[in-house]
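Trainee: Sharing run_18.cif here; it has mmCIF, C-alpha atoms and all ligand atoms.
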data_start
#
loop_
_atom_site.label_atom_id
_atom_site.label_comp_id
_atom_site.auth_asym_id
_atom_site.auth_seq_id
_atom_site.Cartn_x
_atom_site.Cartn_y
_atom_site.Cartn_z
CA MET M 15 84.07 166.68 83.93
CA PRO M 16 86.21 164.35 86.08
CA SER M 17 86.64 160.85 84.91
CA LEU M 18 84.53 158.31 86.70
CA SER M 19 87.60 156.56 88.11
CA LEU M 20 88.57 159.70 90.06
CA LEU M 21 85.18 160.22 91.63
CA PRO M 22 85.56 157.91 94.64
CA LEU M 23 88.89 159.56 95.59
CA LYS M 24 87.40 163.03 95.47
CA VAL M 25 84.38 161.96 97.45
CA THR M 26 86.67 160.29 99.99
CA GLY M 27 88.73 163.45 100.42
CA PHE M 28 85.68 165.60 100.88
CA TYR M 29 84.15 163.11 103.25
CA LYS M 30 87.27 163.00 105.42
CA GLY M 31 87.59 166.76 105.27
CA ILE M 32 84.23 167.62 106.74
CA HIS M 33 84.75 165.26 109.63
CA GLN M 34 88.29 166.18 110.58
CA TYR M 35 87.12 168.75 113.14
CA SER M 36 84.69 166.45 114.85
CA GLY M 37 87.47 164.21 116.28
CA ILE M 38 85.58 161.15 115.08
CA ILE M 39 87.24 159.11 112.37
CA PRO M 40 84.47 158.07 110.07
CA PRO M 41 84.59 154.82 108.15
CA ASP M 42 86.23 155.18 104.79
CA PRO M 43 83.41 154.89 102.25
CA ILE M 44 85.51 152.82 99.90
CA GLU M 45 86.55 150.42 102.65
CA LYS M 46 82.96 150.37 103.82
CA ALA M 47 81.76 149.63 100.29
CA LEU M 48 84.36 146.87 99.95
CA ALA M 49 83.33 145.40 103.30
CA ILE M 50 79.68 145.47 102.28
CA ARG M 51 80.54 143.85 98.97
CA GLN M 52 82.64 141.19 100.76
CA SER M 53 79.91 140.44 103.29
CA TYR M 54 77.40 140.26 100.43
CA HIS M 55 79.57 137.68 98.66
CA GLN M 56 80.15 135.78 101.90
CA SER M 57 76.45 135.75 102.66
CA ARG M 58 75.86 134.31 99.19
CA MET M 59 78.76 131.87 99.60
CA VAL M 60 77.80 130.47 103.02
CA PRO M 61 74.36 129.26 101.96
CA HIS M 62 76.01 128.02 98.77
CA MET M 63 78.50 125.92 100.78
CA GLU M 64 75.72 124.83 103.11
CA ARG M 65 73.72 123.65 100.12
CA ILE M 66 76.73 121.70 98.84
CA ARG M 67 77.28 120.14 102.28
CA ARG M 68 73.63 119.15 102.57
CA LEU M 69 73.73 117.66 99.10
CA LEU M 70 76.93 115.73 99.90
CA LYS M 71 75.30 114.08 102.91
CA TYR M 72 72.81 112.43 100.59
CA ALA M 73 75.13 112.06 97.58
CA TYR M 74 78.01 110.38 99.43
CA PHE M 75 76.57 106.87 99.46
CA PRO M 76 75.31 106.69 95.82
CA LEU M 77 78.48 108.42 94.60
CA MET M 78 80.76 105.93 96.33
CA PHE M 79 78.66 102.80 95.94
CA LEU M 80 77.24 103.21 92.45
CA GLY M 81 79.83 105.62 91.06
CA PHE M 82 83.05 103.80 91.87
CA ASN M 83 81.68 100.29 91.42
CA GLY M 84 80.20 101.40 88.10
CA VAL M 85 83.55 102.71 86.88
CA ALA M 86 85.29 99.50 88.04
CA ILE M 87 82.79 97.38 86.09
CA ALA M 88 83.30 99.55 82.99
CA LEU M 89 87.11 99.31 83.22
CA VAL M 90 87.15 95.51 83.58
CA GLN M 91 84.56 95.02 80.85
CA ALA M 92 86.65 97.25 78.56
CA GLN M 93 89.56 94.88 79.35
CA VAL M 94 91.68 97.65 80.81
CA ALA M 95 94.56 96.25 82.90
CA TYR M 96 93.56 95.20 86.42
CA SER M 97 96.22 97.55 87.77
CA SER M 98 93.94 100.46 86.78
CA LEU M 99 91.82 99.53 89.79
CA TRP M 100 94.67 100.59 92.08
CA ILE M 101 94.42 104.08 90.57
CA LEU M 102 90.66 103.97 91.03
CA MET M 103 91.15 102.95 94.66
CA ALA M 104 93.44 105.95 95.19
CA VAL M 105 90.80 108.22 93.64
CA ALA M 106 88.09 106.69 95.86
CA LEU M 107 90.24 107.26 98.94
CA PHE M 108 90.92 110.87 97.92
CA VAL M 109 87.23 111.60 97.25
CA SER M 110 86.09 109.93 100.47
CA PHE M 111 88.71 111.68 102.63
CA THR M 112 87.84 115.05 101.03
CA ILE M 113 84.13 114.55 101.78
CA GLU M 114 84.99 113.47 105.34
CA HIS M 115 86.55 116.90 105.81
CA LEU M 116 83.62 118.73 104.22
CA ILE M 117 80.87 116.98 106.20
CA PRO M 118 82.53 115.34 109.22
CA TYR M 119 80.41 113.13 111.46
CA ASN M 120 82.79 113.83 114.34
CA GLY M 121 85.19 116.71 113.64
CA LEU M 122 87.79 115.30 116.04
CA TRP M 123 87.97 112.05 114.08
CA ASN M 124 89.50 113.89 111.13
CA ARG M 125 92.59 114.53 113.25
CA ALA M 126 95.32 111.88 112.90
CA GLN M 127 96.12 109.92 116.04
CA ALA M 128 99.65 108.93 114.98
CA ASP M 129 97.96 106.20 112.95
CA GLY M 130 98.89 107.20 109.39
CA LEU M 131 101.81 104.80 108.89
CA ARG M 132 100.05 101.90 110.61
CA ASP M 133 96.85 102.27 108.59
CA SER M 134 98.76 102.74 105.32
CA LEU M 135 100.65 99.49 106.01
CA HIS M 136 97.39 97.64 106.76
CA PHE M 137 95.94 99.02 103.52
CA VAL M 138 98.86 98.24 101.21
CA ILE M 139 99.59 94.77 102.65
CA ASN M 140 95.96 93.64 102.89
CA GLU M 141 94.87 94.95 99.50
CA SER M 142 98.01 93.56 97.81
CA SER M 143 97.19 90.13 99.28
CA ASN M 144 93.60 90.42 98.04
CA TYR M 145 94.65 91.18 94.47
CA ALA M 146 97.45 88.58 94.56
CA GLY M 147 94.83 86.01 95.58
CA VAL M 148 92.58 86.98 92.69
CA LEU M 149 95.46 86.87 90.20
CA LEU M 150 96.18 83.33 91.38
CA LEU M 151 92.58 82.33 90.76
CA PRO M 152 93.25 80.62 87.38
CA LEU M 153 95.68 78.31 89.23
CA LEU M 154 92.86 77.31 91.58
CA GLY M 155 90.67 76.13 88.71
CA GLY M 156 91.04 72.55 89.96
CA LEU M 157 89.10 73.53 93.09
CA THR M 158 86.02 74.41 91.09
CA LEU M 159 83.59 71.60 91.83
CA LEU M 160 80.56 72.97 89.99
CA PRO M 161 81.90 75.03 87.06
CA SER M 162 78.54 75.00 85.28
CA ALA M 163 76.85 76.48 88.34
CA TRP M 164 78.12 79.98 87.62
CA PRO M 165 75.58 81.97 85.53
CA GLU M 166 77.98 83.31 82.88
CA GLU M 167 75.04 84.30 80.68
CA TRP M 168 73.92 86.90 83.23
CA PRO M 169 74.90 90.52 82.68
CA PHE M 170 78.16 91.41 84.40
CA TRP M 171 76.46 93.54 87.09
CA GLY M 172 74.15 90.58 87.88
CA GLN M 173 77.12 88.24 88.29
CA LEU M 174 78.78 90.81 90.54
CA LEU M 175 75.63 91.13 92.65
CA LEU M 176 75.50 87.35 93.04
CA ALA M 177 79.15 87.33 94.13
CA VAL M 178 78.51 90.18 96.59
CA VAL M 179 75.51 88.39 98.15
CA VAL M 180 77.33 85.04 98.52
CA PHE M 181 80.43 86.78 99.92
CA ASP M 182 78.34 88.91 102.27
CA ILE M 183 76.55 85.93 103.82
CA GLY M 184 79.84 84.08 104.52
CA SER M 185 81.68 87.17 105.71
CA THR M 186 78.85 88.31 108.00
CA LEU M 187 78.53 84.87 109.61
CA PHE M 188 82.29 84.63 110.15
CA HIS M 189 82.33 88.15 111.56
CA TRP M 190 79.52 87.21 113.98
CA LEU M 191 81.42 84.04 114.97
CA SER M 192 84.61 86.03 115.56
CA HIS M 193 82.75 88.00 118.25
CA LYS M 194 81.64 84.78 119.94
CA SER M 195 84.78 82.65 119.73
CA PRO M 196 87.74 83.80 121.87
CA LEU M 197 90.15 82.24 119.36
CA PHE M 198 88.75 84.10 116.36
CA TRP M 199 88.28 87.25 118.46
CA ARG M 200 92.04 87.37 119.02
CA PHE M 201 92.52 87.91 115.28
CA HIS M 202 89.52 90.20 114.84
CA ALA M 203 90.24 92.50 117.81
CA ILE M 204 92.63 94.63 115.70
CA HIS M 205 89.66 95.88 113.71
CA HIS M 206 88.09 97.21 116.90
CA ALA M 207 91.24 98.84 118.27
CA PRO M 208 90.97 102.36 116.70
CA LYS M 209 89.71 105.23 118.79
CA ARG M 210 88.40 107.10 115.79
CA LEU M 211 86.43 105.92 112.77
CA TYR M 212 87.52 107.09 109.34
CA GLY M 213 87.83 105.58 105.86
CA PHE M 214 90.98 103.57 106.48
CA ASN M 215 89.62 101.59 109.45
CA GLY M 216 87.78 99.10 107.28
CA ILE M 217 90.92 97.51 105.92
CA MET M 218 92.48 97.20 109.40
CA LYS M 219 92.47 93.43 109.64
CA HIS M 220 95.00 90.90 110.83
CA PRO M 221 96.35 88.95 107.82
CA VAL M 222 95.35 85.67 109.52
CA PHE M 223 91.79 86.95 109.96
CA GLN M 224 91.81 88.15 106.36
CA LEU M 225 92.87 84.68 105.17
CA MET M 226 90.20 82.93 107.26
CA ASP M 227 87.57 85.39 106.04
CA ALA M 228 88.59 84.75 102.42
CA LEU M 229 88.39 80.97 102.90
CA VAL M 230 84.90 81.19 104.40
CA ALA M 231 83.42 83.88 102.16
CA LEU M 232 85.32 83.52 98.87
CA GLY M 233 85.70 79.73 99.07
CA PRO M 234 82.11 78.98 97.97
CA LEU M 235 82.51 81.34 95.02
CA VAL M 236 85.67 79.54 93.90
CA LEU M 237 83.86 76.21 94.20
CA ILE M 238 81.13 77.36 91.81
CA GLY M 239 83.62 78.87 89.34
CA ILE M 240 83.52 82.64 89.79
CA PRO M 241 85.22 84.20 86.72
CA GLN M 242 88.40 86.16 87.38
CA ASP M 243 86.93 89.44 86.04
CA VAL M 244 84.04 89.22 88.50
CA ALA M 245 86.39 88.32 91.37
CA VAL M 246 88.59 91.36 90.64
CA VAL M 247 85.63 93.75 90.75
CA LEU M 248 84.33 91.96 93.87
CA VAL M 249 87.62 92.70 95.66
CA PHE M 250 87.32 96.33 94.58
CA SER M 251 83.68 96.49 95.75
CA ILE M 252 84.66 95.11 99.16
CA PHE M 253 87.30 97.84 99.45
CA VAL M 254 84.75 100.57 98.56
CA GLN M 255 82.21 99.10 100.97
CA LEU M 256 84.73 99.03 103.83
CA LEU M 257 85.50 102.67 103.01
CA ILE M 258 81.79 103.56 103.12
CA GLN M 259 81.22 101.60 106.36
CA HIS M 260 83.96 103.35 108.30
CA SER M 261 83.90 106.80 106.72
CA ASN M 262 83.74 109.82 108.99
CA ALA M 263 81.43 111.50 106.45
CA ASP M 264 78.08 112.43 107.98
CA MET M 265 76.20 110.51 105.27
CA ARG M 266 72.45 110.10 105.16
CA THR M 267 70.86 107.09 103.52
CA GLY M 268 67.34 107.44 104.94
CA PRO M 269 65.30 104.22 104.84
CA LEU M 270 68.05 102.60 102.74
CA ARG M 271 70.00 102.07 105.97
CA HIS M 272 67.67 99.13 106.59
CA VAL M 273 69.07 97.59 103.40
CA PHE M 274 72.68 98.79 103.09
CA ALA M 275 75.17 98.58 105.94
CA SER M 276 76.71 102.03 105.57
CA ALA M 277 78.60 103.92 108.29
CA GLU M 278 75.26 105.14 109.63
CA VAL M 279 74.61 101.53 110.61
CA HIS M 280 78.09 100.09 111.11
CA ARG M 281 79.36 102.74 113.57
CA PHE M 282 77.34 101.08 116.33
CA HIS M 283 79.30 97.88 115.73
CA HIS M 284 82.36 99.71 117.06
CA LEU M 285 80.77 100.53 120.43
CA LYS M 286 82.71 99.08 123.35
CA GLY M 287 81.77 95.74 124.90
CA GLN M 288 78.50 93.95 124.35
CA ALA M 289 76.89 97.05 122.86
CA GLY M 290 79.08 96.48 119.80
CA ASP M 291 77.75 92.98 119.11
CA VAL M 292 75.38 94.41 116.49
CA ASN M 293 75.34 95.19 112.76
CA PHE M 294 77.86 92.60 111.55
CA GLY M 295 76.85 92.87 107.87
CA LEU M 296 79.36 94.14 105.33
CA PHE M 297 77.14 95.07 102.39
CA PHE M 298 73.58 94.43 103.56
CA SER M 299 71.62 94.67 106.81
CA PHE M 300 69.35 91.67 105.96
CA TRP M 301 71.63 89.18 107.67
CA ASP M 302 71.56 91.15 110.91
CA PHE M 303 67.77 91.09 110.87
CA ALA M 304 68.01 87.30 110.47
CA LEU M 305 70.60 87.01 113.29
CA GLY M 306 68.60 89.33 115.55
CA THR M 307 71.57 91.72 115.73
CA ALA M 308 70.24 94.64 113.67
CA TYR M 309 70.43 97.88 115.61
CA PHE M 310 69.39 101.33 114.48
CA GLU M 311 69.48 104.42 116.59
CA LYS M 312 69.18 108.10 115.96
CA ARG M 313 71.44 110.10 118.21
CA ASN M 314 71.52 113.83 118.53
CA ALA M 315 75.21 113.79 119.44
CA PRO M 316 77.79 111.80 117.42
CA LEU M 317 79.65 108.89 118.97
CA ARG M 318 82.89 109.93 120.69
CA SER M 319 86.29 108.26 120.92
CA THR M 320 85.46 107.17 124.47
CA ASP M 321 82.42 105.26 123.16
CA ILE M 322 84.35 103.00 120.77
CA GLY M 323 87.26 100.55 120.91
CA ILE M 324 88.02 97.38 122.86
CA GLY M 325 86.50 97.89 126.28
CA HIS M 326 88.39 95.09 128.03
CA ALA M 327 91.76 95.87 126.41
CA PRO M 328 92.45 99.58 126.90
CA HIS M 329 96.18 99.04 126.30
CA TYR M 330 95.85 97.20 123.00
CA PRO M 331 98.92 97.89 120.79
CA THR M 332 98.56 100.85 118.47
CA ASP M 333 101.53 100.20 116.14
CA TYR M 334 101.48 97.89 113.12
CA TRP M 335 103.95 95.26 114.34
CA GLY M 336 102.48 95.27 117.83
CA GLN M 337 99.07 94.58 116.33
CA LEU M 338 100.44 91.78 114.13
CA LYS M 339 101.92 90.07 117.20
CA ALA M 340 98.97 90.76 119.50
CA PRO M 341 96.87 87.63 118.76
CA PHE M 342 99.85 85.38 119.57
CA GLN M 343 100.60 87.13 122.85
CA TYR M 344 97.17 87.10 124.40
CA ARG M 345 97.44 86.15 128.05
CA GLN M 346 94.73 83.89 129.30
CA LYS M 347 92.94 86.58 131.16
CA THR M 348 89.33 86.62 132.07
CA SER M 349 87.17 89.01 130.17
CA ILE M 350 83.80 90.50 130.78
CA ARG M 351 83.00 90.10 127.11
CA ASN M 352 79.40 88.93 126.66
CA GLY M 353 78.89 89.28 130.39
CA LYS M 354 80.80 86.15 131.33
CA ASN M 355 84.35 85.03 131.75
CA VAL M 356 85.91 83.66 128.62
CA MET M 357 89.39 82.24 128.18
CA GLY M 358 91.74 83.67 125.65
CA ALA M 359 90.22 87.08 125.46
CA GLY M 360 91.73 90.04 127.27
CA GLU M 361 94.58 92.36 126.55
CA PRO M 362 97.92 90.99 125.42
ZN ZN M 401 83.61 93.19 114.61
#
Would it be possible to restate this file's structure as structure tokens?
Mentor:
Amino acid sequence: MPSLSLLPLKVTGFYKGIHQYSGIIPPDPIEKALAIRQSYHQSRMVPHMERIRRLLKYAYFPLMFLGFNGVAIALVQAQVAYSSLWILMAVALFVSFTIEHLIPYNGLWNRAQADGLRDSLHFVINESSNYAGVLLLPLLGGLTLLPSAWPEEWPFWGQLLLAVVVFDIGSTLFHWLSHKSPLFWRFHAIHHAPKRLYGFNGIMKHPVFQLMDALVALGPLVLIGIPQDVAVVLVFSIFVQLLIQHSNADMRTGPLRHVFASAEVHRFHHLKGQAGDVNFGLFFSFWDFALGTAYFEKRNAPLRSTDIGIGHAPHYPTDYWGQLKAPFQYRQKTSIRNGKNVMGAGEP
């Protein structure tokens, strides 16, 4: 009685033997069996991966929005050092970039466009300034005009939500104004320069614009005495929201897109020219409904690189230092922005 392990070999030999006179080389049964087994596993794996991808489309937004903000709240409430939020930011970036590759909205936008160094510099410099500003908050205590106005008795998440809403109103209005005013547009144009949308684009802001935005949107919160812990988590939430808004992940938020300004909504803001004067909100879409600038569209094909950018400035600088200098080098050229000639806009 041959051992079971020898059986396939003997069968193989016999099988080859009876066909050697026919001139036809039959498929090796073992190879065939392995191929069948492999295709069986692949057929099980493909739907499995498809299921994961489908799930990720719906899980991306709650995972990023609730998951990372929830962890940030827990860390600050547990009085863990603020520096831990930098680690959490790195994790959020890693998770978001990984999901972008698993469920890309536009596959080409996952390819770098020699923008890695520039975007990393924007990220490190802008986020460092944000956290430096928050760390200086205790020194700005004298600016608090209505210290008793802040509802310290509210649960932490409620205080954060209040801060987000106040910040969002100021930031959205200033964003809207920066598309109307040639002076402010000079400093905002950088944000519209990329030819692909991915997680890092959100933090692409000129430091002068960032400062003005902070004065307009964070100023009221300082005046009513926002606590430092809440301000730190607010800065983190803004970072996560900018990541969500510009992510290349093909996320689906369903009817929630009428409430939250995710990438599904914000991508249209990056359309060239007047078409991009929509969806200014950072966190919520309410303000765009109020401004009459809310725009929702279902497209069968994703936006392409040729659809986005600065229509009237095709040669806008693409390197970090060039972009820092750009607002100060704008020639007084006429622009077709908003359908009429405006001074100050145009390419540098
Ligand atoms: Zn804009």
Trainee: Taking all atoms listed in the file into account, which residues have an atom no farther than 12 Å from ligand ZN 401 (chain M)? I'd like them as a VMD selection string.
Mentor: chain M and resid 185 to 195 198 to 208 215 to 216 218 to 219 223 260 280 to 296 322 to 324
Trainee: Can you tell me how far CA of Ser251 (chain M) sits from CA of Asn83 (chain M), in Å to one decimal?
Mentor: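 About the pair CA of Ser251 (chain M) and CA of Asn83 (chain M): they are 6.1 Å apart.
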Trainee: I want to know what sits within 6 Å of region 128-135 of chain M, based on all atoms listed in the file, with residues of the same chain fewer than 4 positions away left out; could you give that as an MDAnalysis selection string?
Mentor: chainID M and resid 139 333:334
Trainee: Can those selected residues be exported to a file as a short mmCIF file (atom, residue, chain, number, x, y, z; two decimals), keeping the file's coordinate frame so that it contains C-alpha atoms?
Mentor:
data_model
loop_
_atom_site.label_atom_id
_atom_site.label_comp_id
_atom_site.auth_asym_id
_atom_site.auth_seq_id
_atom_site.Cartn_x
_atom_site.Cartn_y
_atom_site.Cartn_z
CA ILE M 139 99.59 94.77 102.65
CA ASP M 333 101.53 100.20 116.14
CA TYR M 334 101.48 97.89 113.12
#
Trainee: What would the list of residues within 12 Å of (96.7, 90.3, 89.1) (file frame) look like as a list of chain:residue names, if all atoms listed in the file are what count?
Mentor: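 Answer for this query, in the requested form: M:Ala95, M:Tyr96, M:Ser97, M:Ser98, M:Leu99, M:Trp100, M:Glu141, M:Ser142, M:Ser143, M:Asn144, M:Tyr145, M:Ala146, M:Gly147, M:Val148, M:Leu149, M:Leu150, M:Leu151, M:Pro152, M:Gln242, M:Asp243, M:Ala245, M:Val246, M:Val247, M:Val249.
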Trainee: Which residues, written as a list in words, have at least one atom at most 8 Å from region 154-167 of chain M, with all atoms listed in the file counted and residues fewer than 6 positions away on the same chain left out?
Mentor: Gln173, Val236, Leu237, Ile238, Gly239 and Ile240 of chain M
Trainee: Output C-alpha atoms for every residue in the selection just made, as a PDB file, keeping the file's coordinate frame.
Mentor:
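out-v8.pdb was written with the following content:
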ATOM      1  CA  GLN M 173      77.120  88.240  88.290  1.00  0.00           C
ATOM      2  CA  VAL M 236      85.670  79.540  93.900  1.00  0.00           C
ATOM      3  CA  LEU M 237      83.860  76.210  94.200  1.00  0.00           C
ATOM      4  CA  ILE M 238      81.130  77.360  91.810  1.00  0.00           C
ATOM      5  CA  GLY M 239      83.620  78.870  89.340  1.00  0.00           C
ATOM      6  CA  ILE M 240      83.520  82.640  89.790  1.00  0.00           C
TER       7      ILE M 240
END
Trainee: Mind giving me the straight-line distance from CA of Arg266 (chain M) to CA of Pro316 (chain M) in Å, one decimal?
Mentor: 13.5 Å
Trainee: Quick one: of M:Asn262, M:Leu89, M:Pro61, M:Lys209, who's nearest to Thr112 (chain M), counting all atoms listed in the file?
Mentor: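 For Thr112 (chain M), the nearest of the candidates is M:Asn262.
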Trainee: Just how far from CA of Ser299 (chain M) is CA of Arg318 (chain M), in Å to one decimal?
Mentor: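 Rounded to one decimal, the two atoms are 23.5 Å apart.
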Trainee: Please identify all polymer residues within 12 Å of Lys339 (chain M), counting all atoms listed in the file, omitting same-chain residues fewer than 2 positions from it, and present them as a PyMOL selection string.
Mentor: chain M and resi 200-201+203-204+220-222+330-337+341-344+362
Trainee: For Val180 (chain M), which of M:Leu225, M:Ala340, M:Leu197, M:Ala231 is the closest residue, counting only C-alpha atoms?
Mentor: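 Closest to Val180 (chain M), using only C-alpha atoms: M:Ala231.
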Trainee: What would region 63-91 of chain M look like with N, CA and C atoms in place, written as a short mmCIF file (atom, residue, chain, number, x, y, z; two decimals), in the coordinates of the input?
Mentor:
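Final file, rebuild.cif:
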data_model
loop_
_atom_site.label_atom_id
_atom_site.label_comp_id
_atom_site.auth_asym_id
_atom_site.auth_seq_id
_atom_site.Cartn_x
_atom_site.Cartn_y
_atom_site.Cartn_z
N MET M 63 77.73 127.04 100.21
CA MET M 63 78.50 125.92 100.78
C MET M 63 77.60 125.00 101.60
N GLU M 64 76.65 125.63 102.31
CA GLU M 64 75.72 124.83 103.11
C GLU M 64 74.91 123.91 102.21
N ARG M 65 74.50 124.46 101.06
CA ARG M 65 73.72 123.65 100.12
C ARG M 65 74.55 122.47 99.62
N ILE M 66 75.85 122.76 99.32
CA ILE M 66 76.73 121.70 98.84
C ILE M 66 76.91 120.64 99.92
N ARG M 67 77.10 121.10 101.17
CA ARG M 67 77.28 120.14 102.28
C ARG M 67 76.04 119.27 102.46
N ARG M 68 74.87 119.91 102.39
CA ARG M 68 73.63 119.15 102.57
C ARG M 68 73.48 118.13 101.45
N LEU M 69 73.83 118.56 100.26
CA LEU M 69 73.73 117.66 99.10
C LEU M 69 74.69 116.48 99.25
N LEU M 70 75.92 116.80 99.75
CA LEU M 70 76.93 115.73 99.90
C LEU M 70 76.49 114.66 100.89
N LYS M 71 75.75 115.07 101.92
CA LYS M 71 75.30 114.08 102.91
C LYS M 71 74.46 112.99 102.25
N TYR M 72 73.66 113.40 101.27
CA TYR M 72 72.81 112.43 100.59
C TYR M 72 73.49 111.81 99.37
N ALA M 73 74.47 112.55 98.81
CA ALA M 73 75.13 112.06 97.58
C ALA M 73 76.28 111.11 97.88
N TYR M 74 76.81 111.17 99.12
CA TYR M 74 78.01 110.38 99.43
C TYR M 74 77.82 108.90 99.11
N PHE M 75 76.75 108.31 99.63
CA PHE M 75 76.57 106.87 99.46
C PHE M 75 76.38 106.46 97.99
N PRO M 76 75.43 107.09 97.24
CA PRO M 76 75.31 106.69 95.82
C PRO M 76 76.57 106.98 95.01
N LEU M 77 77.25 108.09 95.33
CA LEU M 77 78.48 108.42 94.60
C LEU M 77 79.53 107.32 94.79
N MET M 78 79.73 106.93 96.04
CA MET M 78 80.76 105.93 96.33
C MET M 78 80.33 104.54 95.86
N PHE M 79 79.11 104.16 96.19
CA PHE M 79 78.66 102.80 95.94
C PHE M 79 78.40 102.55 94.45
N LEU M 80 77.57 103.40 93.86
CA LEU M 80 77.24 103.21 92.45
C LEU M 80 78.33 103.77 91.55
N GLY M 81 78.85 104.95 91.91
CA GLY M 81 79.83 105.62 91.06
C GLY M 81 81.10 104.80 90.88
N PHE M 82 81.76 104.48 91.99
CA PHE M 82 83.05 103.80 91.87
C PHE M 82 82.91 102.35 91.42
N ASN M 83 81.87 101.66 91.90
CA ASN M 83 81.68 100.29 91.42
C ASN M 83 81.33 100.29 89.93
N GLY M 84 80.56 101.30 89.51
CA GLY M 84 80.20 101.40 88.10
C GLY M 84 81.43 101.60 87.22
N VAL M 85 82.33 102.47 87.66
CA VAL M 85 83.55 102.71 86.88
C VAL M 85 84.41 101.44 86.86
N ALA M 86 84.48 100.73 87.98
CA ALA M 86 85.29 99.50 88.04
C ALA M 86 84.73 98.46 87.06
N ILE M 87 83.41 98.32 87.03
CA ILE M 87 82.79 97.38 86.09
C ILE M 87 83.14 97.77 84.65
N ALA M 88 83.02 99.07 84.35
CA ALA M 88 83.30 99.55 82.99
C ALA M 88 84.75 99.28 82.60
N LEU M 89 85.69 99.51 83.52
CA LEU M 89 87.11 99.31 83.22
C LEU M 89 87.40 97.84 82.92
N VAL M 90 86.86 96.95 83.76
CA VAL M 90 87.15 95.51 83.58
C VAL M 90 86.47 94.99 82.33
N GLN M 91 85.26 95.47 82.07
CA GLN M 91 84.56 95.02 80.85
C GLN M 91 85.25 95.54 79.59
#
